[in-house]
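Shown next: entry31.cif, containing mmCIF, C-alpha atoms and all ligand atoms.
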data_protein
loop_
_atom_site.group_PDB
_atom_site.id
_atom_site.type_symbol
_atom_site.label_atom_id
_atom_site.label_comp_id
_atom_site.auth_asym_id
_atom_site.auth_seq_id
_atom_site.Cartn_x
_atom_site.Cartn_y
_atom_site.Cartn_z
ATOM 1 C CA MET C 1239 -12.320 19.519 -22.404
ATOM 2 C CA GLU C 1240 -9.709 17.549 -20.432
ATOM 3 C CA LYS C 1241 -8.666 19.084 -17.116
ATOM 4 C CA THR C 1242 -5.725 18.507 -14.791
ATOM 5 C CA TYR C 1243 -4.674 19.551 -11.316
ATOM 6 C CA LEU C 1244 -1.310 21.319 -11.106
ATOM 7 C CA MET C 1245 0.291 22.810 -8.029
ATOM 8 C CA VAL C 1246 3.377 24.934 -7.444
ATOM 9 C CA LYS C 1247 4.855 23.307 -4.334
ATOM 10 C CA PRO C 1248 6.091 25.308 -1.300
ATOM 11 C CA ASP C 1249 9.650 25.471 -2.684
ATOM 12 C CA GLY C 1250 8.392 26.968 -5.945
ATOM 13 C CA VAL C 1251 6.262 29.534 -4.135
ATOM 14 C CA GLN C 1252 9.124 30.574 -1.819
ATOM 15 C CA ARG C 1253 11.455 30.874 -4.810
ATOM 16 C CA ASN C 1254 8.978 33.126 -6.656
ATOM 17 C CA LEU C 1255 8.428 30.650 -9.472
ATOM 18 C CA ILE C 1256 4.601 30.913 -9.646
ATOM 19 C CA GLY C 1257 4.776 33.327 -12.573
ATOM 20 C CA GLU C 1258 7.296 31.193 -14.491
ATOM 21 C CA VAL C 1259 5.153 28.100 -14.101
ATOM 22 C CA VAL C 1260 1.902 29.842 -15.032
ATOM 23 C CA ALA C 1261 3.567 31.493 -18.038
ATOM 24 C CA ARG C 1262 4.699 28.150 -19.448
ATOM 25 C CA PHE C 1263 1.213 26.668 -19.457
ATOM 26 C CA GLU C 1264 -0.365 29.883 -20.783
ATOM 27 C CA LYS C 1265 2.153 30.122 -23.617
ATOM 28 C CA LYS C 1266 1.620 26.476 -24.471
ATOM 29 C CA GLY C 1267 -2.029 27.239 -25.189
ATOM 30 C CA PHE C 1268 -3.748 25.722 -22.170
ATOM 31 C CA GLN C 1269 -6.483 27.587 -20.275
ATOM 32 C CA LEU C 1270 -6.395 28.341 -16.560
ATOM 33 C CA VAL C 1271 -9.795 27.518 -15.062
ATOM 34 C CA GLY C 1272 -9.044 27.740 -11.339
ATOM 35 C CA ALA C 1273 -6.254 28.996 -9.072
ATOM 36 C CA LYS C 1274 -5.605 29.836 -5.444
ATOM 37 C CA LEU C 1275 -2.750 30.332 -3.025
ATOM 38 C CA MET C 1276 -3.358 28.201 0.053
ATOM 39 C CA ASN C 1277 -1.861 26.336 2.968
ATOM 40 C CA ILE C 1278 -2.745 22.653 2.758
ATOM 41 C CA PRO C 1279 -4.201 21.208 5.973
ATOM 42 C CA ARG C 1280 -2.340 18.049 7.045
ATOM 43 C CA GLU C 1281 -5.408 15.835 6.504
ATOM 44 C CA LEU C 1282 -5.837 17.047 2.944
ATOM 45 C CA ALA C 1283 -2.126 16.482 2.235
ATOM 46 C CA GLU C 1284 -2.363 12.909 3.545
ATOM 47 C CA GLU C 1285 -5.378 12.267 1.364
ATOM 48 C CA HIS C 1286 -3.834 13.876 -1.715
ATOM 49 C CA TYR C 1287 -0.692 11.739 -1.396
ATOM 50 C CA GLY C 1288 -2.617 8.675 -0.117
ATOM 51 C CA GLU C 1289 -1.095 6.410 -2.788
ATOM 52 C CA HIS C 1290 2.309 6.914 -1.099
ATOM 53 C CA LYS C 1291 1.120 6.177 2.456
ATOM 54 C CA GLU C 1292 3.334 3.093 2.842
ATOM 55 C CA ARG C 1293 6.434 4.674 1.296
ATOM 56 C CA PRO C 1294 9.337 5.596 3.610
ATOM 57 C CA PHE C 1295 9.253 9.227 2.466
ATOM 58 C CA PHE C 1296 5.509 9.725 3.151
ATOM 59 C CA GLY C 1297 5.997 11.646 6.417
ATOM 60 C CA GLU C 1298 8.595 13.947 4.885
ATOM 61 C CA LEU C 1299 6.417 14.466 1.816
ATOM 62 C CA VAL C 1300 3.433 15.539 3.928
ATOM 63 C CA ASP C 1301 5.660 17.715 6.162
ATOM 64 C CA PHE C 1302 7.047 19.413 3.077
ATOM 65 C CA ILE C 1303 3.802 20.019 1.194
ATOM 66 C CA THR C 1304 2.252 21.536 4.350
ATOM 67 C CA SER C 1305 5.355 23.626 5.185
ATOM 68 C CA GLY C 1306 4.213 26.779 3.361
ATOM 69 C CA PRO C 1307 1.732 28.042 0.805
ATOM 70 C CA VAL C 1308 1.159 26.192 -2.452
ATOM 71 C CA PHE C 1309 -0.366 27.602 -5.630
ATOM 72 C CA ALA C 1310 -3.179 25.229 -6.599
ATOM 73 C CA MET C 1311 -4.434 25.330 -10.186
ATOM 74 C CA VAL C 1312 -6.757 23.631 -12.630
ATOM 75 C CA TRP C 1313 -5.852 23.811 -16.323
ATOM 76 C CA GLN C 1314 -7.740 22.578 -19.358
ATOM 77 C CA GLY C 1315 -6.851 21.647 -22.911
ATOM 78 C CA GLU C 1316 -6.444 18.744 -25.275
ATOM 79 C CA ASN C 1317 -4.217 16.064 -23.678
ATOM 80 C CA VAL C 1318 -3.399 18.494 -20.867
ATOM 81 C CA ILE C 1319 -2.786 15.719 -18.301
ATOM 82 C CA ALA C 1320 -0.001 13.957 -20.206
ATOM 83 C CA THR C 1321 1.397 17.119 -21.790
ATOM 84 C CA ALA C 1322 1.678 18.873 -18.428
ATOM 85 C CA ARG C 1323 3.591 15.858 -17.059
ATOM 86 C CA GLN C 1324 6.004 16.144 -20.006
ATOM 87 C CA MET C 1325 6.394 19.869 -19.411
ATOM 88 C CA MET C 1326 7.111 19.177 -15.704
ATOM 89 C CA GLY C 1327 9.837 16.597 -16.448
ATOM 90 C CA ALA C 1328 10.894 13.523 -14.481
ATOM 91 C CA THR C 1329 10.036 13.291 -10.770
ATOM 92 C CA ASN C 1330 13.712 13.583 -9.806
ATOM 93 C CA PRO C 1331 15.103 16.854 -11.196
ATOM 94 C CA LYS C 1332 18.478 15.174 -11.721
ATOM 95 C CA ASP C 1333 16.790 13.038 -14.413
ATOM 96 C CA ALA C 1334 14.514 15.768 -15.758
ATOM 97 C CA ALA C 1335 15.328 16.937 -19.272
ATOM 98 C CA PRO C 1336 16.647 20.474 -19.735
ATOM 99 C CA GLY C 1337 13.787 22.698 -20.782
ATOM 100 C CA THR C 1338 11.298 21.016 -18.458
ATOM 101 C CA ILE C 1339 10.159 22.787 -15.285
ATOM 102 C CA ARG C 1340 11.930 20.375 -12.948
ATOM 103 C CA GLY C 1341 14.918 20.235 -15.312
ATOM 104 C CA GLU C 1342 15.253 24.013 -15.249
ATOM 105 C CA TYR C 1343 14.343 24.873 -11.664
ATOM 106 C CA GLY C 1344 14.854 21.837 -9.409
ATOM 107 C CA VAL C 1345 17.823 19.995 -7.900
ATOM 108 C CA THR C 1346 16.510 17.357 -5.476
ATOM 109 C CA VAL C 1347 13.579 14.923 -5.594
ATOM 110 C CA GLY C 1348 12.005 16.277 -2.412
ATOM 111 C CA LYS C 1349 11.893 19.857 -3.669
ATOM 112 C CA ASN C 1350 10.821 19.415 -7.259
ATOM 113 C CA VAL C 1351 8.785 22.623 -7.655
ATOM 114 C CA ILE C 1352 5.550 21.291 -9.152
ATOM 115 C CA HIS C 1353 2.912 18.592 -8.834
ATOM 116 C CA GLY C 1354 0.724 17.370 -11.677
ATOM 117 C CA SER C 1355 -1.982 14.716 -11.870
ATOM 118 C CA ASP C 1356 -0.705 11.516 -13.492
ATOM 119 C CA SER C 1357 -3.949 10.108 -15.003
ATOM 120 C CA PRO C 1358 -7.552 11.076 -15.766
ATOM 121 C CA GLU C 1359 -8.640 9.330 -12.540
ATOM 122 C CA SER C 1360 -6.146 11.212 -10.362
ATOM 123 C CA ALA C 1361 -6.954 14.490 -12.120
ATOM 124 C CA GLU C 1362 -10.638 14.130 -11.293
ATOM 125 C CA ARG C 1363 -9.875 13.077 -7.731
ATOM 126 C CA GLU C 1364 -7.362 15.874 -7.083
ATOM 127 C CA ILE C 1365 -9.487 18.615 -8.660
ATOM 128 C CA GLY C 1366 -12.301 17.491 -6.346
ATOM 129 C CA LEU C 1367 -10.016 17.527 -3.310
ATOM 130 C CA PHE C 1368 -8.775 21.078 -3.882
ATOM 131 C CA PHE C 1369 -11.583 22.928 -5.691
ATOM 132 C CA LYS C 1370 -15.332 23.358 -5.412
ATOM 133 C CA GLN C 1371 -17.252 23.341 -8.686
ATOM 134 C CA GLU C 1372 -18.065 27.056 -8.305
ATOM 135 C CA GLU C 1373 -14.350 27.902 -8.058
ATOM 136 C CA LEU C 1374 -13.790 26.695 -11.627
ATOM 137 C CA ALA C 1375 -14.346 29.240 -14.366
ATOM 138 C CA GLU C 1376 -16.107 28.591 -17.635
ATOM 139 C CA TYR C 1377 -14.984 30.209 -20.851
ATOM 140 C CA SER C 1378 -17.648 31.345 -23.255
ATOM 141 C CA LYS C 1379 -15.338 30.358 -26.089
ATOM 142 C CA LEU C 1380 -13.901 26.988 -25.096
ATOM 143 C CA ILE C 1381 -11.935 26.353 -28.252
ATOM 144 C CA ASN C 1382 -9.381 28.928 -29.327
ATOM 145 C CA GLU C 1383 -9.149 28.424 -33.076
ATOM 146 C CA TRP C 1384 -5.629 29.845 -33.087
ATOM 147 C CA VAL C 1385 -4.544 26.909 -30.899
ATOM 148 C CA TYR C 1386 -6.741 24.097 -32.247
HETATM 149 P P1 LIG C 1401 3.952 14.567 -7.876
HETATM 150 O O1 LIG C 1401 2.946 13.505 -7.455
HETATM 151 O O2 LIG C 1401 4.408 15.439 -6.749
HETATM 152 O O3 LIG C 1401 3.473 15.333 -9.072
HETATM 153 O O4 LIG C 1401 5.268 13.836 -8.402
HETATM 154 P P2 LIG C 1401 5.374 12.571 -9.315
HETATM 155 O O5 LIG C 1401 4.008 12.087 -9.716
HETATM 156 O O6 LIG C 1401 6.341 12.891 -10.392
HETATM 157 O O7 LIG C 1401 6.041 11.535 -8.326
HETATM 158 P P3 LIG C 1401 5.363 10.549 -7.277
HETATM 159 O O8 LIG C 1401 5.921 9.190 -7.510
HETATM 160 O O9 LIG C 1401 3.878 10.716 -7.271
HETATM 161 O O10 LIG C 1401 5.952 11.078 -5.897
HETATM 162 C C1 LIG C 1401 5.353 12.140 -5.217
HETATM 163 C C2 LIG C 1401 6.412 13.058 -4.666
HETATM 164 O O11 LIG C 1401 7.103 12.382 -3.628
HETATM 165 C C3 LIG C 1401 8.434 12.857 -3.577
HETATM 166 N N1 LIG C 1401 9.328 11.725 -3.630
HETATM 167 N N2 LIG C 1401 10.331 11.587 -2.804
HETATM 168 N N3 LIG C 1401 12.563 10.594 -1.398
HETATM 169 C C4 LIG C 1401 12.127 9.948 -2.465
HETATM 170 O O12 LIG C 1401 12.666 8.945 -2.872
HETATM 171 C C5 LIG C 1401 10.942 10.451 -3.127
HETATM 172 N N4 LIG C 1401 10.317 9.884 -4.134
HETATM 173 C C6 LIG C 1401 9.276 10.705 -4.454
HETATM 174 C C7 LIG C 1401 8.668 13.754 -4.766
HETATM 175 O O13 LIG C 1401 8.651 15.103 -4.337
HETATM 176 C C8 LIG C 1401 7.495 13.450 -5.670
HETATM 177 O O14 LIG C 1401 7.135 14.572 -6.439
HETATM 178 MG MG MG C 1402 2.456 11.717 -8.377
#
As structure tokens:
Amino acid sequence: MEKTYLMVKPDGVQRNLIGEVVARFEKKGFQLVGAKLMNIPRELAEEHYGEHKERPFFGELVDFITSGPVFAMVWQGENVIATARQMMGATNPKDAAPGTIRGEYGVTVGKNVIHGSDSPESAEREIGLFFKQEELAEYSKLINEWVY
């Protein structure tokens, strides 16, 4: 089953939005397979956002993501990578459709509440950066026939 890495960013944690975010993905029909509240070490943050290393906002991005706890999660389900990105909304909350997480809860691009992997390759990479294999749960019944 396809898996993705999602993370409530420090702004979302401080604003008590963990429950709202988790509820949306649960209600959608996806399965939570891993989760933890953690502070991201600077090195891990730089690696996670490595694709943005040359961008002018890289320093600020790393400062922000390490500024407080994040809620790191792995979710699984059919097309979960692309669907989660749709549920998150556009990167800049000012462009994010109403009803999406960023559209409902964010205002500025720097504090946009949630991160989600953008491709199968980044999902695999990011899950590996944040979780050990033994931290990911396995469901005895992978397919819920009321969803699929
Ligand atoms: P994310 O990686 O956090 O899920 O967000 P994303 O794919 O929608 O956007 P991405 O292009 O990967 O950018 C990563 C994060 O960098 C911040 N950003 N700031 N100041 C700026 O112009 C700017 N542009 C991007 C955002 O917080 C974005 O989520
Ligand atoms: Mg991204």
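Atom pair CA of Asn1330 (chain C) / atom O7 of ligand LIG 1401 (chain C) has a distance of 8.1 Å (rounded to one decimal).
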Region 1360-1362 of chain C environment, 10 Å, all atoms listed in the file, sequence neighbours closer than 6 positions dropped, as JSON, numbers by chain: {"C": [1240, 1241, 1242, 1243, 1244, 1286, 1312, 1319, 1354]}
I need the chosen residues saved as an mmCIF file, keeping the file's coordinate frame, with C-alpha atoms.
data_model
loop_
_atom_site.group_PDB
_atom_site.id
_atom_site.type_symbol
_atom_site.label_atom_id
_atom_site.label_comp_id
_atom_site.auth_asym_id
_atom_site.auth_seq_id
_atom_site.Cartn_x
_atom_site.Cartn_y
_atom_site.Cartn_z
ATOM 1 C CA GLU C 1240 -9.709 17.549 -20.432
ATOM 2 C CA LYS C 1241 -8.666 19.084 -17.116
ATOM 3 C CA THR C 1242 -5.725 18.507 -14.791
ATOM 4 C CA TYR C 1243 -4.674 19.551 -11.316
ATOM 5 C CA LEU C 1244 -1.310 21.319 -11.106
ATOM 6 C CA HIS C 1286 -3.834 13.876 -1.715
ATOM 7 C CA VAL C 1312 -6.757 23.631 -12.630
ATOM 8 C CA ILE C 1319 -2.786 15.719 -18.301
ATOM 9 C CA GLY C 1354 0.724 17.370 -11.677
#
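With a cut-off of 8 Å and using all atoms listed in the file, the polymer residues contacting ligand MG 1402 (chain C) are Tyr1287, His1353, Gly1354, Ser1355 and Asp1356 of chain C.
Among C:Glu1372, C:Glu1383, C:Glu1316, C:Glu1284, the residue with the shortest atom-to-atom distance to ligand LIG 1401 (chain C), counting only C-alpha atoms and all ligand atoms, is C:Glu1284.
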Test item: residues lying within 10 Å of ligand LIG 1401 (chain C) with only C-alpha atoms and all ligand atoms, as a CSV table (one decimal) with C-alpha atoms, in the frame of the given file:
chain,number,residue,atom,x,y,z
C,1243,TYR,CA,-4.7,19.6,-11.3
C,1244,LEU,CA,-1.3,21.3,-11.1
C,1245,MET,CA,0.3,22.8,-8.0
C,1246,VAL,CA,3.4,24.9,-7.4
C,1247,LYS,CA,4.9,23.3,-4.3
C,1286,HIS,CA,-3.8,13.9,-1.7
C,1287,TYR,CA,-0.7,11.7,-1.4
C,1288,GLY,CA,-2.6,8.7,-0.1
C,1289,GLU,CA,-1.1,6.4,-2.8
C,1290,HIS,CA,2.3,6.9,-1.1
C,1293,ARG,CA,6.4,4.7,1.3
C,1294,PRO,CA,9.3,5.6,3.6
C,1295,PHE,CA,9.3,9.2,2.5
C,1296,PHE,CA,5.5,9.7,3.2
C,1298,GLU,CA,8.6,13.9,4.9
C,1299,LEU,CA,6.4,14.5,1.8
C,1300,VAL,CA,3.4,15.5,3.9
C,1302,PHE,CA,7.0,19.4,3.1
C,1303,ILE,CA,3.8,20.0,1.2
C,1323,ARG,CA,3.6,15.9,-17.1
C,1326,MET,CA,7.1,19.2,-15.7
C,1327,GLY,CA,9.8,16.6,-16.4
C,1328,ALA,CA,10.9,13.5,-14.5
C,1329,THR,CA,10.0,13.3,-10.8
C,1330,ASN,CA,13.7,13.6,-9.8
C,1331,PRO,CA,15.1,16.9,-11.2
C,1340,ARG,CA,11.9,20.4,-12.9
C,1346,THR,CA,16.5,17.4,-5.5
C,1347,VAL,CA,13.6,14.9,-5.6
C,1348,GLY,CA,12.0,16.3,-2.4
C,1349,LYS,CA,11.9,19.9,-3.7
C,1350,ASN,CA,10.8,19.4,-7.3
C,1351,VAL,CA,8.8,22.6,-7.7
C,1352,ILE,CA,5.6,21.3,-9.2
C,1353,HIS,CA,2.9,18.6,-8.8
C,1354,GLY,CA,0.7,17.4,-11.7
C,1355,SER,CA,-2.0,14.7,-11.9
C,1356,ASP,CA,-0.7,11.5,-13.5
C,1357,SER,CA,-3.9,10.1,-15.0
C,1360,SER,CA,-6.1,11.2,-10.4
